[in-house]
file protein_25.txt (compact mmCIF, C-alpha atoms)
# COMPACT_ATOMS: atom_id res chain seq x y z
CA MET A 41 -7.55 -61.42 -187.84
CA SER A 42 -8.78 -58.61 -190.12
CA GLU A 43 -6.35 -55.94 -191.28
CA ILE A 44 -6.42 -52.47 -189.81
CA LEU A 45 -7.88 -50.53 -192.72
CA TYR A 46 -6.28 -47.20 -191.86
CA MET A 47 -2.79 -48.69 -191.60
CA LYS A 48 -2.98 -49.92 -195.18
CA LYS A 49 -4.03 -46.48 -196.40
CA ALA A 50 -1.36 -44.84 -194.25
CA ARG A 51 1.42 -46.94 -195.79
CA GLU A 52 0.13 -46.15 -199.28
CA LEU A 53 0.03 -42.44 -198.44
CA LEU A 54 3.59 -42.32 -197.11
CA ASP A 55 4.80 -44.24 -200.15
CA ARG A 56 3.12 -41.69 -202.46
CA ILE A 57 4.77 -38.82 -200.62
CA GLU A 58 8.19 -40.43 -200.78
CA ASN A 59 7.84 -41.40 -204.44
CA THR A 60 6.44 -38.11 -205.74
CA GLN A 61 7.50 -35.31 -203.38
CA ASN A 62 11.21 -35.96 -202.82
CA GLU A 63 12.30 -33.19 -205.18
CA ASN A 64 9.83 -30.66 -203.76
CA ILE A 65 10.76 -31.43 -200.15
CA GLN A 66 14.44 -31.05 -201.03
CA ALA A 67 13.77 -27.75 -202.81
CA GLY A 68 11.89 -26.42 -199.80
CA ALA A 69 14.61 -27.59 -197.43
CA ARG A 70 17.30 -25.84 -199.48
CA LEU A 71 15.39 -22.56 -199.36
CA MET A 72 15.02 -22.88 -195.60
CA ALA A 73 18.66 -23.80 -195.03
CA ASP A 74 19.77 -20.82 -197.14
CA SER A 75 17.58 -18.53 -195.04
CA ILE A 76 18.70 -19.85 -191.64
CA ALA A 77 22.37 -19.82 -192.65
CA ASP A 78 21.97 -16.16 -193.66
CA GLY A 79 20.45 -15.20 -190.30
CA GLY A 80 16.86 -15.45 -191.48
CA LEU A 81 13.92 -17.33 -190.07
CA VAL A 82 11.52 -19.92 -191.41
CA HIS A 83 8.12 -18.63 -190.33
CA VAL A 84 5.54 -21.40 -190.08
CA PHE A 85 1.76 -20.92 -190.25
CA GLY A 86 -1.37 -23.01 -190.28
CA SER A 87 -4.90 -22.69 -188.95
CA GLY A 88 -7.51 -25.20 -187.86
CA HIS A 89 -6.16 -28.75 -187.95
CA SER A 90 -3.20 -27.38 -189.93
CA VAL A 91 -1.93 -25.83 -186.71
CA ILE A 92 -0.72 -29.30 -185.67
CA PRO A 93 2.57 -29.19 -187.64
CA ILE A 94 3.12 -25.64 -186.39
CA LEU A 95 2.94 -26.89 -182.81
CA ASP A 96 5.21 -29.80 -183.69
CA ILE A 97 7.98 -28.11 -185.66
CA PHE A 98 9.54 -26.16 -182.76
CA PRO A 99 10.06 -26.63 -179.90
CA ARG A 100 10.14 -30.35 -180.56
CA TYR A 101 12.78 -32.88 -179.62
CA GLY A 102 15.05 -33.15 -182.62
CA SER A 103 14.22 -29.74 -184.08
CA PHE A 104 16.37 -26.64 -183.82
CA VAL A 105 16.50 -22.87 -183.74
CA GLY A 106 15.57 -21.26 -187.05
CA PHE A 107 11.90 -22.20 -187.25
CA HIS A 108 9.49 -19.51 -186.02
CA PRO A 109 5.95 -20.77 -185.31
CA LEU A 110 3.21 -18.19 -185.95
CA LEU A 111 0.49 -19.23 -183.53
CA ASP A 112 -2.83 -17.47 -183.00
CA PRO A 113 -5.08 -19.08 -180.36
CA ARG A 114 -8.11 -17.72 -182.23
CA LEU A 115 -7.14 -19.86 -185.23
CA MET A 116 -6.86 -23.10 -183.27
CA TRP A 117 -9.52 -24.81 -181.22
CA THR A 118 -9.44 -25.38 -177.49
CA ASN A 119 -13.03 -26.57 -177.39
CA VAL A 120 -15.68 -28.02 -179.70
CA LEU A 121 -18.53 -25.61 -178.93
CA GLY A 122 -18.56 -22.20 -177.29
CA GLY A 123 -15.51 -20.08 -176.61
CA GLY A 124 -12.44 -21.44 -178.36
CA GLY A 125 -14.68 -23.81 -180.31
CA ALA A 126 -14.34 -25.14 -183.82
CA ARG A 127 -17.29 -23.14 -185.16
CA GLY A 128 -15.71 -19.80 -184.34
CA LEU A 129 -12.36 -20.91 -185.70
CA LEU A 130 -13.89 -22.09 -188.98
CA TRP A 131 -15.68 -18.75 -189.32
CA LEU A 132 -12.60 -16.64 -188.60
CA GLU A 133 -10.17 -18.44 -190.89
CA ARG A 134 -12.48 -17.61 -193.80
CA ARG A 135 -12.72 -13.89 -193.00
CA GLU A 136 -10.68 -11.74 -195.36
CA GLY A 137 -8.44 -9.09 -193.81
CA TYR A 138 -7.89 -10.69 -190.43
CA MET A 139 -4.43 -12.04 -191.23
CA THR A 140 -2.97 -8.61 -191.96
CA SER A 141 -3.82 -7.57 -188.40
CA PHE A 142 -2.23 -10.74 -187.02
CA LEU A 143 0.93 -10.68 -189.14
CA GLU A 144 1.68 -7.02 -188.44
CA SER A 145 2.79 -8.12 -184.97
CA PHE A 146 5.89 -9.78 -186.45
CA SER A 147 8.98 -8.74 -188.35
CA PHE A 148 9.67 -10.27 -191.76
CA LYS A 149 12.71 -9.93 -193.98
CA SER A 150 13.09 -10.79 -197.63
CA LYS A 151 15.68 -13.45 -196.80
CA ASP A 152 13.09 -15.32 -194.71
CA VAL A 153 10.88 -18.21 -195.80
CA MET A 154 7.17 -18.58 -195.10
CA LEU A 155 6.04 -22.20 -194.72
CA VAL A 156 2.23 -22.42 -194.94
CA TYR A 157 0.05 -25.48 -194.32
CA SER A 158 -3.51 -25.92 -195.54
CA HIS A 159 -5.10 -29.08 -196.88
CA GLY A 160 -7.76 -27.17 -198.80
CA GLY A 161 -5.62 -24.17 -199.70
CA LEU A 162 -8.72 -21.99 -200.12
CA ASN A 163 -9.43 -20.20 -196.84
CA ALA A 164 -8.44 -16.58 -196.35
CA ALA A 165 -6.01 -17.35 -193.51
CA PRO A 166 -3.45 -19.40 -195.49
CA VAL A 167 -3.98 -17.51 -198.77
CA GLU A 168 -3.49 -14.10 -197.17
CA THR A 169 -0.51 -15.29 -195.15
CA ALA A 170 1.21 -16.43 -198.34
CA ALA A 171 0.28 -13.20 -200.16
CA TYR A 172 1.53 -11.07 -197.25
CA ALA A 173 4.86 -12.92 -197.37
CA LYS A 174 5.18 -12.63 -201.16
CA ASP A 175 4.52 -8.88 -200.99
CA ARG A 176 7.52 -8.57 -198.66
CA GLY A 177 9.86 -10.60 -200.81
CA LEU A 178 9.80 -13.86 -198.84
CA SER A 179 9.91 -17.24 -200.51
CA VAL A 180 6.76 -19.27 -199.86
CA VAL A 181 6.66 -23.03 -199.36
CA ALA A 182 3.14 -24.45 -199.37
CA VAL A 183 2.12 -27.86 -198.04
CA THR A 184 -1.32 -28.53 -199.46
CA SER A 185 -3.36 -31.01 -201.46
CA LEU A 186 -2.63 -30.98 -205.19
CA GLU A 187 -5.99 -32.63 -205.83
CA ASN A 188 -7.73 -29.83 -203.95
CA HIS A 189 -5.67 -27.25 -205.83
CA ARG A 190 -6.64 -28.72 -209.20
CA LYS A 191 -10.32 -29.41 -208.54
CA ALA A 192 -11.54 -26.83 -206.03
CA VAL A 193 -12.70 -23.35 -207.04
CA ALA A 194 -10.96 -20.40 -205.39
CA THR A 195 -13.08 -18.75 -202.71
CA HIS A 196 -10.82 -15.77 -201.90
CA SER A 197 -11.70 -12.48 -203.58
CA SER A 198 -8.22 -12.37 -205.13
CA GLY A 199 -9.06 -15.50 -207.11
CA LYS A 200 -5.95 -17.12 -205.65
CA LYS A 201 -5.45 -20.44 -203.91
CA LEU A 202 -2.51 -21.15 -201.61
CA GLY A 203 -0.75 -23.16 -204.30
CA ASP A 204 -0.88 -20.22 -206.72
CA LEU A 205 1.37 -18.25 -204.36
CA ALA A 206 3.94 -20.97 -203.70
CA ASP A 207 7.56 -20.90 -204.83
CA VAL A 208 7.68 -24.54 -203.75
CA PHE A 209 4.50 -26.63 -203.76
CA ILE A 210 4.62 -29.78 -201.61
CA ASP A 211 1.66 -32.05 -202.27
CA ASN A 212 0.43 -33.81 -199.13
CA CYS A 213 -0.86 -36.52 -201.52
CA VAL A 214 -4.17 -36.70 -199.63
CA PRO A 215 -7.47 -36.77 -201.57
CA LEU A 216 -9.78 -33.78 -201.65
CA GLU A 217 -12.07 -35.23 -198.98
CA ASP A 218 -9.09 -35.76 -196.58
CA ALA A 219 -10.62 -38.87 -194.97
CA MET A 220 -9.28 -41.99 -196.69
CA VAL A 221 -11.28 -45.07 -195.70
CA TYR A 222 -14.65 -45.92 -197.24
CA LEU A 223 -16.81 -48.47 -195.41
CA ASP A 224 -19.56 -50.49 -197.03
CA GLY A 225 -22.93 -48.84 -196.59
CA GLN A 226 -21.53 -45.49 -195.43
CA PRO A 227 -21.18 -42.69 -198.00
CA GLU A 228 -18.87 -40.54 -195.85
CA PRO A 229 -15.23 -41.68 -195.61
CA VAL A 230 -13.51 -41.90 -192.21
CA GLY A 231 -9.91 -41.63 -191.03
CA ALA A 232 -8.28 -38.31 -192.00
CA GLY A 233 -4.97 -38.47 -193.85
CA SER A 234 -3.65 -34.91 -193.91
CA THR A 235 -2.35 -34.87 -190.33
CA LEU A 236 -0.28 -37.99 -190.91
CA ALA A 237 0.96 -36.57 -194.22
CA VAL A 238 2.01 -33.18 -192.92
CA THR A 239 3.73 -34.66 -189.88
CA ALA A 240 5.86 -36.86 -192.13
CA ILE A 241 6.56 -33.94 -194.48
CA THR A 242 7.41 -31.61 -191.59
CA MET A 243 9.90 -33.96 -189.99
CA SER A 244 11.41 -34.65 -193.42
CA LEU A 245 11.92 -30.92 -193.88
CA VAL A 246 13.48 -30.60 -190.42
CA VAL A 247 15.96 -33.39 -191.14
CA GLU A 248 16.84 -32.20 -194.65
CA VAL A 249 17.32 -28.60 -193.48
CA ALA A 250 19.60 -29.89 -190.71
CA ARG A 251 21.56 -31.93 -193.23
CA TYR A 252 22.08 -28.96 -195.55
CA LEU A 253 23.11 -26.75 -192.62
CA GLN A 254 25.51 -29.38 -191.30
CA GLU A 255 27.16 -29.56 -194.73
CA ARG A 256 27.88 -25.85 -194.33
CA GLN A 257 29.25 -26.47 -190.82
CA TYR A 258 26.46 -24.30 -189.42
CA LYS A 259 25.98 -24.81 -185.67
CA LEU A 260 22.58 -26.27 -184.86
CA PHE A 261 20.94 -25.41 -181.55
CA THR A 262 18.85 -28.57 -181.24
CA PHE A 263 16.09 -29.13 -178.71
CA VAL A 264 16.91 -32.44 -177.00
CA SER A 265 14.92 -34.85 -174.86
CA PRO A 266 16.05 -34.84 -171.21
CA ASN A 267 16.29 -38.62 -171.59
CA VAL A 268 19.48 -38.04 -173.59
CA THR A 269 21.86 -38.17 -170.66
CA GLU A 270 24.94 -37.31 -172.73
CA VAL A 271 23.64 -33.73 -173.11
CA ASN A 272 24.24 -31.14 -170.38
CA ALA A 273 21.29 -30.51 -168.07
CA ASP A 274 21.12 -26.85 -169.12
CA HIS A 275 21.25 -27.59 -172.86
CA ASN A 276 17.60 -26.78 -173.58
CA THR A 277 17.84 -23.57 -171.56
CA MET A 278 20.57 -22.52 -173.95
CA VAL A 279 18.40 -23.52 -176.93
CA PHE A 280 15.56 -21.29 -175.73
CA GLN A 281 18.02 -18.44 -175.20
CA GLU A 282 19.32 -18.83 -178.75
CA TYR A 283 15.75 -18.89 -180.07
CA ALA A 284 14.98 -15.65 -178.21
CA LYS A 285 18.14 -14.06 -179.64
CA ALA A 286 17.23 -15.13 -183.17
CA VAL A 287 13.74 -13.62 -182.91
CA ARG A 288 15.03 -10.41 -181.27
CA ARG A 289 17.78 -9.96 -183.88
CA HIS A 290 15.15 -10.31 -186.49
call {"tool": "encode", "arguments": {"input": "protein_25.txt", "output": "structure tokens"}}
result
Amino acid sequence: MSEILYMKKARELLDRIENTQNENIQAGARLMADSIADGGLVHVFGSGHSVIPILDIFPRYGSFVGFHPLLDPRLMWTNVLGGGGARGLLWLERREGYMTSFLESFSFKSKDVMLVYSHGGLNAAPVETAAYAKDRGLSVVAVTSLENHRKAVATHSSGKKLGDLADVFIDNCVPLEDAMVYLDGQPEPVGAGSTLAVTAITMSLVVEVARYLQERQYKLFTFVSPNVTEVNADHNTMVFQEYAKAVRRH
């Protein structure tokens, strides 16, 4: 039986993340724990396929109040062509100035953290989100490709890439082309790696933030699967209420 080519690459990728990004993940988690413990929020942004960790960080079984997803349906696809399609999304996330209009709908404090995802780290959406946060005194944690950051030329008029604006830079350890498997006779690689990478990094951040908060005896309001019968039936209702309070207080 032949090996599953992607699985081999996936194991290598996760090993690279664990072996090279431990310190950066811990540094990001400490910033986030400090913010949440002080009544702040960890705002989380991504566009295009980088919206996936934003959807997954909260509400998600095993995550907790303190993470604030910044979701714009215009910056995620609900279709391939036409309305909500990938073409329109790809066009909009490159347009300079749009993010200011979007971010003005939210409240940000200097004790907050902005967590920004972008494999390429070049488009206006992630770059301007990070810049907007920095201008308001927030710490910025970027999850992006170090190879992209080193090799790609900045396309934003500021001359900045996402990584240039990061207080903590977490390398997703995925190559510039994202796809990881080359097949004989086909020049284009297949099998994207960044989604797997950022999911592992995101859940690592969630767990490490929880660990740091628990060490401070900070009460976690954790979203729990209804399959966990030891938890009261109204537990998740309470979690949503606490989330609403945290955002309103902010």
call {"tool": "residues_around", "arguments": {"input": "protein_25.txt", "residues": "Thr140 (chain A)", "least_positions_apart": "6", "cutoff": "9 Å", "atoms": "only C-alpha atoms", "output": "PDB file with C-alpha atoms, keeping the file's coordinate frame"}}
result
ATOM      1  CA  GLU A 168      -3.490 -14.100-197.170  1.00  0.00           C
ATOM      2  CA  THR A 169      -0.510 -15.290-195.150  1.00  0.00           C
ATOM      3  CA  TYR A 172       1.530 -11.070-197.250  1.00  0.00           C
TER       4      TYR A 172
END
call {"tool": "residues_near_point", "arguments": {"input": "protein_25.txt", "point": "(11.3, -15.2, -198.6)", "cutoff": "7 Å", "atoms": "all atoms listed in the file", "output": "ChimeraX atom specification"}}
result
/A:150-154,173,177-180
call {"tool": "residues_around", "arguments": {"input": "protein_25.txt", "residues": "Arg70 (chain A)", "least_positions_apart": "5", "cutoff": "12 Å", "atoms": "all atoms listed in the file", "output": "JSON, numbers by chain"}}
result
{"A": [63, 64, 65, 75, 76, 77, 82, 153, 179, 181, 208, 245, 246, 247, 248, 249, 250, 251, 252, 253, 255, 256]}
call {"tool": "closest_residue", "arguments": {"input": "protein_25.txt", "among": "A:Val264, A:Val183, A:Ile210, A:Leu223", "to": "Ala67 (chain A)", "atoms": "all atoms listed in the file"}}
result
A:Ile210
call {"tool": "axis_aligned_box", "arguments": {"input": "protein_25.txt", "around": "region 83-87 of chain A", "padding_each_side": "4 Å", "output": "JSON"}}
result
{"center_x": 1.6, "center_y": -20.8, "center_z": -189.6, "size_x": 21.0, "size_y": 12.4, "size_z": 9.4}
call {"tool": "residues_around", "arguments": {"input": "protein_25.txt", "residues": "region 132-139 of chain A", "least_positions_apart": "5", "cutoff": "8 Å", "atoms": "all atoms listed in the file", "output": "PyMOL selection string"}}
result
chain A and resi 87-88+114-115+163-165+168-169+196
call {"tool": "residues_around", "arguments": {"input": "protein_25.txt", "residues": "Leu54 (chain A)", "least_positions_apart": "4", "cutoff": "8 Å", "atoms": "all atoms listed in the file", "output": "MDAnalysis selection string"}}
result
chainID A and resid 50 58 237 240
call {"tool": "residues_around", "arguments": {"input": "protein_25.txt", "residues": "Lys200 (chain A)", "least_positions_apart": "4", "cutoff": "12 Å", "atoms": "only C-alpha atoms", "output": "ChimeraX atom specification"}}
result
/A:161-164,166-171,189,192-196,204-206
call {"tool": "atom_distance", "arguments": {"input": "protein_25.txt", "atom1": "CA of Leu110 (chain A)", "atom2": "CA of Arg289 (chain A)"}}
result
16.9 Å
call {"tool": "atom_distance", "arguments": {"input": "protein_25.txt", "atom1": "CA of Leu236 (chain A)", "atom2": "CA of Ile94 (chain A)"}}
result
13.6 Å
call {"tool": "atom_distance", "arguments": {"input": "protein_25.txt", "atom1": "CA of Leu130 (chain A)", "atom2": "CA of Val221 (chain A)"}}
result
24.1 Å
call {"tool": "closest_residue", "arguments": {"input": "protein_25.txt", "among": "A:Val214, A:Val287, A:Val84, A:Ile92", "to": "Asp55 (chain A)", "atoms": "all atoms listed in the file"}}
result
A:Val214
call {"tool": "closest_residue", "arguments": {"input": "protein_25.txt", "among": "A:Pro99, A:Pro227, A:Gly199, A:Gly128", "to": "Thr277 (chain A)", "atoms": "only C-alpha atoms"}}
result
A:Pro99
call {"tool": "closest_residue", "arguments": {"input": "protein_25.txt", "among": "A:Asp274, A:Asp207, A:Glu144, A:Glu43", "to": "Val156 (chain A)", "atoms": "all atoms listed in the file"}}
result
A:Asp207
call {"tool": "closest_residue", "arguments": {"input": "protein_25.txt", "among": "A:Gly160, A:Ser147, A:Phe104, A:Glu228", "to": "Leu202 (chain A)", "atoms": "all atoms listed in the file"}}
result
A:Gly160
call {"tool": "closest_residue", "arguments": {"input": "protein_25.txt", "among": "A:Ser42, A:Thr118, A:Gln281, A:Thr242", "to": "Ser103 (chain A)", "atoms": "all atoms listed in the file"}}
result
A:Thr242
call {"tool": "build_atoms", "arguments": {"input": "protein_25.txt", "residues": "region 51-69 of chain A", "atoms": "N, CA, C and O atoms", "output": "PDB file, keeping the file's coordinate frame"}}
result
ATOM      1  N   ARG A  51       0.200 -46.504-195.094  1.00  0.00           N
ATOM      2  CA  ARG A  51       1.420 -46.940-195.790  1.00  0.00           C
ATOM      3  C   ARG A  51       1.408 -46.482-197.245  1.00  0.00           C
ATOM      4  O   ARG A  51       2.427 -46.023-197.779  1.00  0.00           O
ATOM      5  N   GLU A  52       0.241 -46.588-197.885  1.00  0.00           N
ATOM      6  CA  GLU A  52       0.130 -46.150-199.280  1.00  0.00           C
ATOM      7  C   GLU A  52       0.378 -44.641-199.385  1.00  0.00           C
ATOM      8  O   GLU A  52       1.044 -44.175-200.325  1.00  0.00           O
ATOM      9  N   LEU A  53      -0.141 -43.889-198.426  1.00  0.00           N
ATOM     10  CA  LEU A  53       0.030 -42.440-198.440  1.00  0.00           C
ATOM     11  C   LEU A  53       1.504 -42.054-198.286  1.00  0.00           C
ATOM     12  O   LEU A  53       2.024 -41.228-199.044  1.00  0.00           O
ATOM     13  N   LEU A  54       2.176 -42.651-197.321  1.00  0.00           N
ATOM     14  CA  LEU A  54       3.590 -42.320-197.110  1.00  0.00           C
ATOM     15  C   LEU A  54       4.437 -42.731-198.309  1.00  0.00           C
ATOM     16  O   LEU A  54       5.396 -42.025-198.679  1.00  0.00           O
ATOM     17  N   ASP A  55       4.084 -43.831-198.929  1.00  0.00           N
ATOM     18  CA  ASP A  55       4.800 -44.240-200.150  1.00  0.00           C
ATOM     19  C   ASP A  55       4.601 -43.213-201.261  1.00  0.00           C
ATOM     20  O   ASP A  55       5.549 -42.876-201.988  1.00  0.00           O
ATOM     21  N   ARG A  56       3.380 -42.695-201.418  1.00  0.00           N
ATOM     22  CA  ARG A  56       3.120 -41.690-202.460  1.00  0.00           C
ATOM     23  C   ARG A  56       3.936 -40.426-202.207  1.00  0.00           C
ATOM     24  O   ARG A  56       4.504 -39.851-203.139  1.00  0.00           O
ATOM     25  N   ILE A  57       3.994 -40.012-200.942  1.00  0.00           N
ATOM     26  CA  ILE A  57       4.770 -38.820-200.620  1.00  0.00           C
ATOM     27  C   ILE A  57       6.243 -39.028-200.954  1.00  0.00           C
ATOM     28  O   ILE A  57       6.881 -38.182-201.603  1.00  0.00           O
ATOM     29  N   GLU A  58       6.779 -40.164-200.536  1.00  0.00           N
ATOM     30  CA  GLU A  58       8.190 -40.430-200.780  1.00  0.00           C
ATOM     31  C   GLU A  58       8.487 -40.536-202.274  1.00  0.00           C
ATOM     32  O   GLU A  58       9.514 -40.037-202.757  1.00  0.00           O
ATOM     33  N   ASN A  59       7.595 -41.149-203.024  1.00  0.00           N
ATOM     34  CA  ASN A  59       7.840 -41.400-204.440  1.00  0.00           C
ATOM     35  C   ASN A  59       7.610 -40.190-205.330  1.00  0.00           C
ATOM     36  O   ASN A  59       8.167 -40.123-206.433  1.00  0.00           O
ATOM     37  N   THR A  60       6.784 -39.239-204.866  1.00  0.00           N
ATOM     38  CA  THR A  60       6.440 -38.110-205.740  1.00  0.00           C
ATOM     39  C   THR A  60       6.907 -36.751-205.236  1.00  0.00           C
ATOM     40  O   THR A  60       6.982 -35.802-206.026  1.00  0.00           O
ATOM     41  N   GLN A  61       7.222 -36.633-203.947  1.00  0.00           N
ATOM     42  CA  GLN A  61       7.500 -35.310-203.380  1.00  0.00           C
ATOM     43  C   GLN A  61       8.953 -35.119-202.934  1.00  0.00           C
ATOM     44  O   GLN A  61       9.281 -34.098-202.326  1.00  0.00           O
ATOM     45  N   ASN A  62       9.807 -36.074-203.237  1.00  0.00           N
ATOM     46  CA  ASN A  62      11.210 -35.960-202.820  1.00  0.00           C
ATOM     47  C   ASN A  62      11.821 -34.650-203.310  1.00  0.00           C
ATOM     48  O   ASN A  62      12.447 -33.886-202.550  1.00  0.00           O
ATOM     49  N   GLU A  63      11.673 -34.376-204.591  1.00  0.00           N
ATOM     50  CA  GLU A  63      12.300 -33.190-205.180  1.00  0.00           C
ATOM     51  C   GLU A  63      11.752 -31.907-204.561  1.00  0.00           C
ATOM     52  O   GLU A  63      12.499 -30.959-204.287  1.00  0.00           O
ATOM     53  N   ASN A  64      10.436 -31.859-204.331  1.00  0.00           N
ATOM     54  CA  ASN A  64       9.830 -30.660-203.760  1.00  0.00           C
ATOM     55  C   ASN A  64      10.247 -30.456-202.306  1.00  0.00           C
ATOM     56  O   ASN A  64      10.494 -29.322-201.879  1.00  0.00           O
ATOM     57  N   ILE A  65      10.316 -31.538-201.541  1.00  0.00           N
ATOM     58  CA  ILE A  65      10.760 -31.430-200.150  1.00  0.00           C
ATOM     59  C   ILE A  65      12.207 -30.956-200.108  1.00  0.00           C
ATOM     60  O   ILE A  65      12.577 -30.083-199.300  1.00  0.00           O
ATOM     61  N   GLN A  66      13.045 -31.485-200.991  1.00  0.00           N
ATOM     62  CA  GLN A  66      14.440 -31.050-201.030  1.00  0.00           C
ATOM     63  C   GLN A  66      14.544 -29.575-201.429  1.00  0.00           C
ATOM     64  O   GLN A  66      15.358 -28.827-200.867  1.00  0.00           O
ATOM     65  N   ALA A  67      13.740 -29.150-202.379  1.00  0.00           N
ATOM     66  CA  ALA A  67      13.770 -27.750-202.810  1.00  0.00           C
ATOM     67  C   ALA A  67      13.354 -26.823-201.671  1.00  0.00           C
ATOM     68  O   ALA A  67      13.973 -25.774-201.445  1.00  0.00           O
ATOM     69  N   GLY A  68      12.304 -27.206-200.945  1.00  0.00           N
ATOM     70  CA  GLY A  68      11.890 -26.420-199.800  1.00  0.00           C
ATOM     71  C   GLY A  68      12.947 -26.383-198.724  1.00  0.00           C
ATOM     72  O   GLY A  68      13.215 -25.328-198.121  1.00  0.00           O
ATOM     73  N   ALA A  69      13.576 -27.516-198.466  1.00  0.00           N
ATOM     74  CA  ALA A  69      14.610 -27.590-197.430  1.00  0.00           C
ATOM     75  C   ALA A  69      15.812 -26.725-197.795  1.00  0.00           C
ATOM     76  O   ALA A  69      16.401 -26.077-196.923  1.00  0.00           O
TER      77      ALA A  69
END
